[in-house]
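Source file model07.cif; content: mmCIF, C-alpha atoms.
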```cif
data_input
#
loop_
_atom_site.label_atom_id
_atom_site.label_comp_id
_atom_site.auth_asym_id
_atom_site.auth_seq_id
_atom_site.Cartn_x
_atom_site.Cartn_y
_atom_site.Cartn_z
CA MET Q 684 23.57 -15.49 -41.65
CA LEU Q 685 26.70 -15.31 -39.51
CA ASP Q 686 26.63 -11.52 -39.83
CA ALA Q 687 23.12 -11.41 -38.39
CA LEU Q 688 24.26 -13.62 -35.53
CA ALA Q 689 27.25 -11.38 -34.90
CA ARG Q 690 25.02 -8.30 -34.85
CA PHE Q 691 22.75 -10.02 -32.37
CA GLY Q 692 25.71 -10.92 -30.20
CA ARG Q 693 27.10 -7.40 -30.35
CA ARG Q 694 23.73 -6.04 -29.25
CA GLY Q 695 23.66 -8.44 -26.31
CA LEU Q 696 27.16 -7.45 -25.26
CA GLU Q 697 26.33 -3.77 -25.60
CA SER Q 698 23.25 -3.99 -23.44
CA LEU Q 699 25.18 -6.02 -20.86
CA GLU Q 700 27.84 -3.34 -20.85
CA ARG Q 701 25.19 -0.66 -20.35
CA LEU Q 702 23.76 -2.62 -17.46
CA GLY Q 703 27.21 -2.88 -15.91
CA ARG Q 704 27.87 0.85 -16.35
CA GLY Q 705 24.47 1.59 -14.83
CA HIS Q 706 25.21 -0.44 -11.73
CA LEU Q 707 28.70 1.02 -11.33
CA LEU Q 708 27.22 4.51 -11.58
CA LEU Q 709 24.60 3.57 -8.99
CA LEU Q 710 27.30 2.43 -6.56
CA GLN Q 711 29.22 5.68 -7.04
CA ILE Q 712 26.04 7.71 -6.57
CA LEU Q 713 25.16 5.84 -3.40
CA ALA Q 714 28.68 6.33 -2.07
CA GLY Q 715 28.18 10.07 -2.62
CA LEU Q 716 25.98 10.15 0.48
CA THR Q 717 29.06 10.59 2.66
CA SER Q 718 29.99 13.94 1.13
CA LEU Q 719 26.34 14.96 0.95
CA VAL Q 720 26.00 14.91 4.73
CA THR Q 721 28.33 17.90 5.03
CA ARG Q 722 26.69 19.79 2.16
CA ILE Q 723 22.99 19.50 2.90
CA GLY Q 724 22.30 22.69 0.93
CA LEU Q 725 22.87 20.83 -2.34
CA LEU Q 726 20.19 18.32 -1.38
CA ILE Q 727 17.71 21.04 -0.39
CA ALA Q 728 18.14 22.81 -3.71
CA GLN Q 729 17.45 19.56 -5.55
CA VAL Q 730 14.43 18.63 -3.40
CA HIS Q 731 13.10 22.03 -4.45
CA SER Q 732 13.56 21.51 -8.18
CA ILE Q 733 12.55 17.82 -8.16
CA GLY Q 734 9.97 17.53 -5.39
CA VAL Q 735 8.42 20.94 -4.81
CA ARG Q 736 7.97 21.75 -8.50
CA THR Q 737 6.23 18.37 -9.06
CA THR Q 738 3.71 19.01 -6.27
CA THR Q 739 1.22 20.94 -8.40
CA ILE Q 740 0.75 18.24 -11.02
CA ILE Q 741 0.60 15.56 -8.29
CA VAL Q 742 -2.08 17.37 -6.29
CA VAL Q 743 -4.24 18.18 -9.31
CA SER Q 744 -3.99 14.66 -10.79
CA GLY Q 745 -4.63 13.10 -7.38
CA LEU Q 746 -7.77 15.15 -6.91
CA PHE Q 747 -9.19 14.13 -10.28
CA VAL Q 748 -8.17 10.47 -10.01
CA GLY Q 749 -9.91 10.29 -6.63
CA MET Q 750 -13.03 11.96 -8.01
CA VAL Q 751 -13.19 9.58 -10.98
CA LEU Q 752 -12.69 6.60 -8.67
CA GLY Q 753 -15.65 7.82 -6.63
CA LEU Q 754 -17.88 8.11 -9.69
CA GLN Q 755 -16.88 4.79 -11.25
CA GLY Q 756 -16.91 2.92 -7.96
CA TYR Q 757 -20.39 4.22 -7.23
CA TYR Q 758 -21.61 2.89 -10.59
CA VAL Q 759 -20.48 -0.67 -9.75
CA LEU Q 760 -21.19 -0.70 -6.02
CA SER Q 761 -24.70 0.77 -6.32
CA GLN Q 762 -25.70 -2.28 -8.36
CA PHE Q 763 -25.09 -4.37 -5.25
CA ALA Q 764 -26.51 -1.75 -2.89
CA ALA Q 765 -23.02 -1.50 -1.37
CA GLU Q 766 -22.43 2.27 -1.78
CA ASP Q 767 -21.28 2.39 1.83
CA SER Q 768 -18.11 0.57 0.81
CA LEU Q 769 -17.19 3.35 -1.63
CA GLY Q 770 -14.75 4.86 0.89
CA VAL Q 771 -12.92 1.55 1.24
CA MET Q 772 -12.71 1.14 -2.51
CA VAL Q 773 -11.37 4.63 -3.15
CA ALA Q 774 -8.88 4.51 -0.27
CA ALA Q 775 -7.63 0.98 -0.91
CA SER Q 776 -7.04 1.50 -4.61
CA LEU Q 777 -5.31 4.85 -3.99
CA VAL Q 778 -3.14 3.83 -1.06
CA ARG Q 779 -2.14 0.44 -2.40
CA GLU Q 780 -1.81 0.98 -6.14
CA LEU Q 781 -2.70 4.26 -7.78
CA GLY Q 782 -0.91 6.53 -5.32
CA PRO Q 783 2.57 5.03 -5.74
CA VAL Q 784 2.20 4.03 -9.41
CA VAL Q 785 0.61 7.15 -10.90
CA THR Q 786 2.92 9.36 -8.83
CA ALA Q 787 5.92 7.44 -10.18
CA LEU Q 788 4.68 7.75 -13.77
CA LEU Q 789 4.06 11.48 -13.38
CA PHE Q 790 7.40 11.86 -11.62
CA ALA Q 791 9.19 10.12 -14.51
CA GLY Q 792 7.47 12.42 -16.99
CA ARG Q 793 7.87 15.65 -15.05
CA ALA Q 794 11.09 15.30 -13.05
CA GLY Q 795 12.87 12.30 -14.60
CA SER Q 796 12.92 13.69 -18.12
CA ALA Q 797 14.12 17.06 -16.82
CA LEU Q 798 16.94 15.36 -14.90
CA THR Q 799 18.07 13.43 -17.96
CA ALA Q 800 18.00 16.49 -20.18
CA GLU Q 801 19.92 18.53 -17.58
CA ILE Q 802 22.65 15.93 -17.06
CA GLY Q 803 22.82 15.12 -20.78
CA LEU Q 804 23.25 18.79 -21.68
CA MET Q 805 25.88 19.23 -18.98
CA LYS Q 806 27.73 16.36 -20.60
CA ALA Q 807 27.22 17.69 -24.15
CA THR Q 808 28.48 21.15 -23.21
CA GLU Q 809 31.37 19.52 -21.32
CA GLN Q 810 30.44 21.00 -17.98
CA LEU Q 811 30.95 17.60 -16.36
CA SER Q 812 34.47 17.31 -17.78
CA GLY Q 813 35.06 20.89 -16.65
CA LEU Q 814 34.19 19.94 -13.10
CA GLU Q 815 36.57 16.99 -13.29
CA MET Q 816 39.30 19.36 -14.51
CA MET Q 817 38.75 21.38 -11.34
CA ALA Q 818 39.13 18.17 -9.34
CA VAL Q 819 35.45 18.17 -8.40
CA ASP Q 820 33.83 14.76 -8.67
CA PRO Q 821 30.73 15.38 -10.86
CA ILE Q 822 29.04 12.26 -9.51
CA ARG Q 823 29.29 13.44 -5.92
CA ARG Q 824 28.61 17.09 -6.73
CA ILE Q 825 25.88 16.77 -9.39
CA LEU Q 826 24.38 13.28 -9.50
CA SER Q 827 24.20 12.20 -5.85
CA PRO Q 828 22.12 15.15 -4.57
CA ARG Q 829 19.67 14.67 -7.44
CA PHE Q 830 19.37 10.95 -6.77
CA TYR Q 831 18.70 11.31 -3.05
CA ALA Q 832 16.31 14.20 -3.66
CA GLY Q 833 14.23 12.02 -6.00
CA PHE Q 834 14.39 9.06 -3.63
CA LEU Q 835 13.14 11.17 -0.71
CA SER Q 836 10.56 13.18 -2.64
CA MET Q 837 8.71 10.21 -4.13
CA PRO Q 838 7.09 8.83 -0.94
CA LEU Q 839 6.07 12.34 0.12
CA LEU Q 840 4.53 12.99 -3.31
CA ALA Q 841 2.75 9.62 -3.26
CA ALA Q 842 1.32 10.29 0.20
CA LEU Q 843 0.09 13.69 -1.02
CA PHE Q 844 -1.46 12.05 -4.08
CA SER Q 845 -3.31 9.45 -2.00
CA ALA Q 846 -4.51 11.94 0.60
CA VAL Q 847 -5.75 14.46 -1.96
CA GLY Q 848 -7.32 11.63 -3.98
CA ILE Q 849 -9.25 10.38 -0.96
CA ILE Q 850 -10.49 13.91 -0.27
CA GLY Q 851 -11.54 14.18 -3.95
CA GLY Q 852 -13.35 10.85 -3.65
CA TYR Q 853 -15.01 12.12 -0.49
CA PHE Q 854 -16.33 15.25 -2.23
CA VAL Q 855 -17.78 13.25 -5.11
CA SER Q 856 -19.29 10.41 -3.12
CA VAL Q 857 -20.61 12.33 -0.11
CA GLY Q 858 -21.27 15.67 -1.77
CA LEU Q 859 -22.41 14.64 -5.21
CA LEU Q 860 -23.68 11.08 -4.95
CA GLY Q 861 -25.15 11.21 -1.46
CA VAL Q 862 -23.20 8.39 0.17
CA ASP Q 863 -23.52 8.50 3.96
CA GLU Q 864 -20.57 10.43 5.40
CA GLY Q 865 -20.23 8.28 8.52
CA ALA Q 866 -20.25 5.03 6.53
CA PHE Q 867 -17.72 6.44 4.08
CA TRP Q 868 -15.10 7.12 6.77
CA SER Q 869 -15.91 4.35 9.26
CA GLN Q 870 -15.84 1.56 6.67
CA MET Q 871 -12.58 2.99 5.38
CA GLN Q 872 -11.03 3.05 8.83
CA ALA Q 873 -12.25 -0.47 9.56
CA LYS Q 874 -10.78 -1.97 6.40
CA ILE Q 875 -7.60 -0.01 5.68
CA ASP Q 876 -4.71 -1.29 7.75
CA TRP Q 877 -1.77 0.97 8.59
CA ASN Q 878 0.93 -1.70 8.19
CA GLU Q 879 -0.70 -3.78 5.52
CA ASP Q 880 -1.89 -1.01 3.21
CA VAL Q 881 -0.31 2.35 3.99
CA ILE Q 882 3.22 1.21 4.86
CA ASN Q 883 3.33 -1.15 1.89
CA GLY Q 884 2.30 1.77 -0.34
CA VAL Q 885 5.14 3.86 1.11
CA ILE Q 886 7.62 1.01 0.51
CA LYS Q 887 6.42 0.81 -3.08
CA SER Q 888 6.96 4.51 -3.65
CA LEU Q 889 10.44 4.34 -2.10
CA VAL Q 890 11.35 1.58 -4.56
CA PHE Q 891 9.87 3.57 -7.46
CA GLY Q 892 11.71 6.72 -6.36
CA PHE Q 893 14.98 4.78 -6.29
CA VAL Q 894 14.46 3.22 -9.72
CA CYS Q 895 13.10 6.34 -11.47
CA SER Q 896 15.90 8.58 -10.20
CA TRP Q 897 18.53 5.99 -11.09
CA ILE Q 898 17.20 5.51 -14.63
CA ALA Q 899 16.93 9.27 -15.24
CA LEU Q 900 20.46 9.99 -14.00
CA PHE Q 901 22.04 7.07 -15.81
CA GLN Q 902 20.35 7.94 -19.11
CA GLY Q 903 21.57 11.51 -18.81
CA TYR Q 904 25.10 10.51 -17.78
CA ASP Q 905 25.31 7.86 -20.51
CA ALA Q 906 23.73 9.98 -23.28
CA ILE Q 907 25.52 10.52 -26.55
CA PRO Q 908 26.69 14.13 -26.17
CA THR Q 909 24.74 15.61 -29.07
CA SER Q 910 21.32 17.22 -29.20
CA ALA Q 911 19.90 14.09 -30.87
CA GLY Q 912 21.55 11.92 -28.24
CA VAL Q 913 20.09 13.94 -25.36
CA SER Q 914 16.63 13.83 -26.92
CA GLN Q 915 16.90 10.04 -27.31
CA ALA Q 916 18.06 9.68 -23.73
CA THR Q 917 15.11 11.75 -22.47
CA THR Q 918 12.67 9.53 -24.37
CA ARG Q 919 14.36 6.42 -23.03
CA THR Q 920 14.10 7.74 -19.46
CA VAL Q 921 10.33 8.08 -19.69
CA VAL Q 922 9.84 4.72 -21.46
CA HIS Q 923 12.20 2.74 -19.23
CA SER Q 924 10.89 4.34 -16.05
CA ALA Q 925 7.27 3.62 -16.97
CA LEU Q 926 8.04 -0.01 -17.84
CA ALA Q 927 10.18 -0.51 -14.73
CA VAL Q 928 7.51 0.99 -12.49
CA LEU Q 929 4.72 -1.17 -13.91
CA VAL Q 930 6.73 -4.41 -13.83
CA LEU Q 931 8.08 -3.72 -10.34
CA ASP Q 932 4.58 -2.85 -9.19
CA PHE Q 933 3.40 -6.29 -10.22
CA VAL Q 934 6.32 -7.98 -8.44
CA LEU Q 935 5.87 -5.90 -5.26
CA THR Q 936 2.10 -6.43 -5.24
CA ALA Q 937 2.57 -10.18 -5.62
CA LEU Q 938 5.06 -10.16 -2.72
CA MET Q 939 3.02 -7.88 -0.43
CA PHE Q 940 -0.59 -8.76 -1.08
CA GLY Q 941 -0.13 -12.11 -2.80
CA ASP Q 942 -1.11 -14.52 -0.05
CA MET K 78 17.65 35.57 0.97
CA HIS K 79 17.20 33.37 -2.06
CA THR K 80 18.47 30.32 -0.18
CA ARG K 81 16.12 31.11 2.65
CA GLN K 82 13.10 31.16 0.33
CA LEU K 83 14.24 27.87 -1.15
CA GLU K 84 14.52 26.31 2.27
CA ILE K 85 11.08 27.59 3.24
CA THR K 86 9.40 26.06 0.18
CA VAL K 87 11.23 22.76 0.69
CA GLY K 88 10.19 22.79 4.34
CA ALA K 89 6.57 23.43 3.33
CA PHE K 90 6.75 20.59 0.81
CA MET K 91 8.09 18.12 3.36
CA ALA K 92 5.55 19.25 5.93
CA ALA K 93 2.75 18.77 3.38
CA GLY K 94 3.98 15.25 2.65
CA LEU K 95 4.14 14.38 6.34
CA VAL K 96 0.69 15.88 6.94
CA ALA K 97 -0.61 13.67 4.12
CA LEU K 98 0.94 10.61 5.78
CA PHE K 99 -0.56 11.67 9.11
CA PHE K 100 -3.95 12.01 7.41
CA LEU K 101 -3.59 8.51 5.96
CA ALA K 102 -2.68 7.21 9.42
CA MET K 103 -5.40 8.87 11.45
CA GLN K 104 -8.34 9.41 9.15
CA VAL K 105 -7.96 6.64 6.57
CA SER K 106 -6.36 3.66 8.28
CA ASN K 107 -7.08 1.95 11.55
CA LEU K 108 -3.97 3.24 13.33
CA ALA K 109 -6.04 5.53 15.54
CA SER K 110 -8.19 2.67 16.83
CA ILE K 111 -5.31 0.39 17.73
CA THR K 112 -4.93 0.62 21.49
CA ALA K 113 -1.56 1.54 22.91
CA GLY K 114 -0.82 -1.66 24.81
CA GLU K 115 -1.69 -5.01 23.28
CA GLY K 116 -4.77 -6.50 24.88
CA TYR K 117 -4.87 -9.68 26.89
CA GLU K 118 -5.22 -12.93 24.98
CA VAL K 119 -7.71 -15.68 25.58
CA THR K 120 -8.27 -18.82 23.54
CA ALA K 121 -11.43 -20.56 22.43
CA ARG K 122 -11.89 -23.93 20.71
CA PHE K 123 -14.43 -24.35 17.94
CA ASP K 124 -15.54 -27.42 15.98
CA ASN K 125 -15.79 -25.29 12.86
CA ILE K 126 -14.82 -21.66 12.39
CA GLY K 127 -16.34 -21.23 8.93
CA GLY K 128 -14.81 -18.21 7.27
CA LEU K 129 -13.31 -16.55 10.36
CA LYS K 130 -9.99 -14.86 9.66
CA VAL K 131 -7.15 -13.33 11.63
CA ARG K 132 -8.06 -9.66 12.35
CA SER K 133 -11.78 -10.44 12.43
CA PRO K 134 -13.53 -8.41 15.13
CA VAL K 135 -14.51 -9.72 18.57
CA SER K 136 -17.63 -8.04 19.89
CA MET K 137 -19.82 -8.09 22.92
CA ALA K 138 -23.39 -6.81 22.76
CA GLY K 139 -22.44 -5.51 19.32
CA VAL K 140 -19.57 -3.39 20.62
CA ARG K 141 -16.14 -4.20 19.27
CA ILE K 142 -13.88 -5.19 22.16
CA GLY K 143 -10.98 -6.88 20.40
CA ARG K 144 -9.89 -8.92 17.44
CA VAL K 145 -8.82 -12.38 16.41
CA VAL K 146 -5.03 -12.59 16.47
CA GLY K 147 -4.42 -16.25 15.73
CA ILE K 148 -6.10 -19.32 14.30
CA SER K 149 -4.55 -22.78 14.50
CA TYR K 150 -5.68 -26.37 14.27
CA ASP K 151 -5.32 -28.82 17.15
CA GLN K 152 -4.54 -32.24 15.67
CA SER K 153 -5.29 -34.18 18.84
CA SER K 154 -8.82 -32.87 19.40
CA PHE K 155 -9.62 -32.01 15.75
CA GLU K 156 -10.68 -28.53 16.79
CA ALA K 157 -9.78 -25.04 15.67
CA VAL K 158 -8.01 -22.98 18.34
CA VAL K 159 -8.80 -19.28 18.00
CA THR K 160 -6.76 -16.72 19.94
CA LEU K 161 -8.66 -13.54 20.78
CA SER K 162 -6.95 -10.34 21.82
CA ILE K 163 -9.27 -8.29 24.01
CA ASP K 164 -8.82 -4.62 24.83
CA PRO K 165 -7.47 -4.29 28.41
CA ALA K 166 -10.22 -1.77 29.15
CA TYR K 167 -12.73 -4.64 29.08
CA ASN K 168 -11.47 -6.71 32.01
CA GLN K 169 -14.81 -7.64 33.61
CA ILE K 170 -15.88 -10.40 31.21
CA PRO K 171 -17.22 -13.45 33.11
CA ASP K 172 -15.08 -16.54 32.50
CA ASP K 173 -18.11 -18.68 31.63
CA SER K 174 -19.06 -16.44 28.71
CA ILE K 175 -20.07 -18.16 25.51
CA ALA K 176 -18.07 -17.49 22.32
CA LYS K 177 -20.10 -17.80 19.15
CA ILE K 178 -19.17 -17.19 15.55
CA TYR K 179 -21.68 -14.93 13.85
CA THR K 180 -21.99 -13.56 10.36
CA SER K 181 -22.71 -9.86 9.94
CA GLY K 182 -25.54 -9.69 7.47
CA LEU K 183 -26.45 -12.60 5.25
CA LEU K 184 -23.21 -12.68 3.29
CA GLY K 185 -21.01 -10.43 5.40
CA GLU K 186 -17.77 -11.23 7.16
CA GLN K 187 -17.70 -13.46 10.22
CA TYR K 188 -16.86 -12.31 13.72
CA VAL K 189 -16.68 -13.71 17.23
CA GLY K 190 -19.46 -12.62 19.56
CA LEU K 191 -19.14 -13.11 23.32
CA ASP K 192 -22.36 -13.66 25.31
CA PRO K 193 -21.79 -12.94 29.02
CA GLY K 194 -22.21 -15.73 31.55
CA GLY K 195 -22.96 -15.41 35.24
CA SER K 196 -19.63 -16.24 36.82
CA LEU K 197 -17.94 -13.80 39.20
CA GLU K 198 -14.49 -14.69 37.91
CA SER K 199 -13.24 -12.67 34.92
CA LEU K 200 -11.36 -13.75 31.82
CA GLU K 201 -7.67 -12.92 31.98
CA GLN K 202 -4.47 -13.42 30.01
CA GLY K 203 -4.15 -17.06 28.95
CA SER K 204 -7.56 -18.26 30.07
CA GLU K 205 -9.79 -20.28 27.80
CA VAL K 206 -13.42 -19.72 26.86
CA MET K 207 -14.91 -23.15 27.55
CA LEU K 208 -18.35 -22.74 25.99
CA THR K 209 -18.31 -22.16 22.25
CA GLN K 210 -20.67 -22.43 19.36
CA SER K 211 -19.39 -23.06 15.84
CA ALA K 212 -20.03 -21.03 12.78
CA LEU K 213 -23.19 -21.66 10.82
CA VAL K 214 -22.14 -23.27 7.58
CA LEU K 215 -24.83 -22.56 5.03
CA GLU K 216 -24.28 -25.76 3.04
CA GLU K 217 -24.68 -27.87 6.18
CA ILE K 218 -27.97 -26.22 7.09
CA ILE K 219 -29.33 -26.65 3.56
CA GLY K 220 -28.17 -30.28 3.64
CA GLN K 221 -29.92 -30.91 6.96
CA PHE K 222 -33.04 -29.21 5.69
CA LEU K 223 -33.19 -31.36 2.56
CA PHE K 224 -32.48 -34.50 4.59
CA SER K 225 -35.28 -33.80 7.06
CA ARG K 226 -37.68 -33.07 4.18
CA ALA K 227 -36.80 -36.39 2.59
CA GLU K 228 -37.36 -38.15 5.93
CA GLU K 229 -40.75 -36.47 6.38
CA ASN K 230 -41.78 -37.56 2.89
CA ALA K 231 -40.69 -41.14 3.64
CA ILE K 232 -42.78 -41.18 6.85
CA SER K 233 -45.86 -39.73 5.15
CA ASP K 234 -45.44 -42.24 2.30
CA GLU K 235 -45.38 -45.06 4.85
CA ALA K 236 -48.48 -43.65 6.52
CA THR K 237 -50.44 -43.57 3.27
CA ALA K 238 -49.27 -47.08 2.40
CA GLN K 239 -50.67 -48.50 5.64
#
```
Please rewrite the model in this file as structure tokens.
Amino acid sequence: MLDALARFGRRGLESLERLGRGHLLLLQILAGLTSLVTRIGLLIAQVHSIGVRTTTIIVVSGLFVGMVLGLQGYYVLSQFAAEDSLGVMVAASLVRELGPVVTALLFAGRAGSALTAEIGLMKATEQLSGLEMMAVDPIRRILSPRFYAGFLSMPLLAALFSAVGIIGGYFVSVGLLGVDEGAFWSQMQAKIDWNEDVINGVIKSLVFGFVCSWIALFQGYDAIPTSAGVSQATTRTVVHSALAVLVLDFVLTALMFGD
Amino acid sequence: MHTRQLEITVGAFMAAGLVALFFLAMQVSNLASITAGEGYEVTARFDNIGGLKVRSPVSMAGVRIGRVVGISYDQSSFEAVVTLSIDPAYNQIPDDSIAKIYTSGLLGEQYVGLDPGGSLESLEQGSEVMLTQSALVLEEIIGQFLFSRAEENAISDEATAQ
């Protein structure tokens, strides 16, 4: 009985410790911005491997999500003879919710897991300790550029996702389903607000970029330096990122669109 | 050379993201239709504004000329005070125009329609639209209709009784 209680307590302490380590690491990563300013090349290389290489999957998924939204929205709206509002429906759901959220989920799967595996392997093969031996701070040299690259790439990827999705929705609804082209765009422009909808979507994706990059880097940095440990850490990155994104999305939506 | 290629692809990526944002701004949202300078504001008092909301359109002859920027309640006169922001391009609106609250379609959203008056003076910043007509509240009209039917029946009953 007491043993079980002790185990429970140890677990609590361990997770608290992890949380503390995570936040300390975050502070160190954020402080790495100062040395990043003078070495912008590091950031560019990471934007390439994190952002540019994720573009393909984002564009393709965005296109299909937008097309499906057009089809499904038409099914519901045509029952009320409100097909003209299809543009609003597609754009609002993409810009407000699906753009930031699906992009963050894909980002966690495509870029986050790769980051964790990379950092975890660097740790397992003692490359990070090697850097420290050469008096190079691995957090500033390795982790910071990756963090800021993820943070900056996410809103750009989300904007791409939304824009491509709206174009996909346009092809399906105007081309395939025969919704009036003028009504599609004009209703959209009348109802979608730049500050209310688009900017809030960008803020969401900035938050998701911050959280996803942080989780991925921390899991990699904190991984047990074995192949099993790295594989566990990679799984945890995807699971934790997905949960964090969905929970945060609810909180942000309640704050932004709640009233 | 390798670095250069890297920089080019990153540049293209960032440009694509910004183009997407620009597309969202111009083609999807209403940013393009917001006029550069804020319009001039006039107020109007209504007995009942129905379902009018901030950001509802203000139109004249069916053309959108501005939007509702504020709704408040005046405790002393028990009226709703609606602030309308009107595009500065439309500066020739007679100051005795009538503000009415209409509904677009049977169940659509409500908007403020201005019917021009005959005055030579124009509305300007801070002036008030004196003549207003409240929103049609569907329940009230149905209530009045039922009440008048009941009254008619009572009169015809009296007539047959005599």
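Near Met939 (chain Q), within 12 Å and counting all atoms listed in the file, sit Q:Arg779, Q:Glu780, Q:Asn878, Q:Glu879, Q:Asp880, Q:Val881, Q:Ile882, Q:Asn883, Q:Gly884, Q:Ile886, Q:Lys887, Q:Leu931, Q:Asp932, Q:Phe933, Q:Val934, not including residues fewer than 5 positions from it in the same chain.
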For chain K, the nearest of the candidates Q:Arg693, Q:Arg704, Q:Arg824, Q:His731, counting only C-alpha atoms:
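Smallest separation from chain K among the options: Q:His731.
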Just need the box for region 114-119 of chain K, edges along x, y and z, holding every atom the file lists for it with 3 Å tacked onto each side, so centre and edge lengths in Å to one decimal, as lines of an AutoDock Vina configuration file.
```
center_x = -4.3
center_y = -8.7
center_z = 25.1
size_x = 12.9
size_y = 20.0
size_z = 9.6
```
Taking all atoms listed in the file into account, report as an MDAnalysis selection string which residues of chain K lie within 12 Å of chain Q.
chainID K and resid 79:111 132:134 141 144 185:186
Evaluate the PyMOL selection byres ((chain K and resi 119) around 8) here and jot the selected residues down as a PyMOL selection string.
chain K and resi 117-118+120-121+160-163+200-206
Picked residues, the PyMOL selection byres ((chain K and resi 157) around 7), expected as a list in words
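Taken on the displayed file, the PyMOL selection byres ((chain K and resi 157) around 7) yields the residues Arg122, Phe123, Asp124, Asn125, Ile126, Ile148, Ser149, Tyr150, Asp151, Phe155, Glu156, Val158 and Val159 of chain K.
For the atom pair formed by CA of Thr936 (chain Q) and CA of Cys895 (chain Q), the distance is 18.0 Å, given to one decimal.
Every protein, DNA or RNA residue with an atom at most 7 Å from Ser136 (chain K), where only C-alpha atoms count and chain neighbours fewer than 4 positions away do not, is listed here: K:Val140, K:Arg141, K:Ile142, K:Gly143, K:Val189, K:Gly190, K:Leu191.
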As an exercise, work out the distance from CA of Leu688 (chain Q) to CA of Ile907 (chain Q) in Å and give it to one decimal place.
25.8 Å
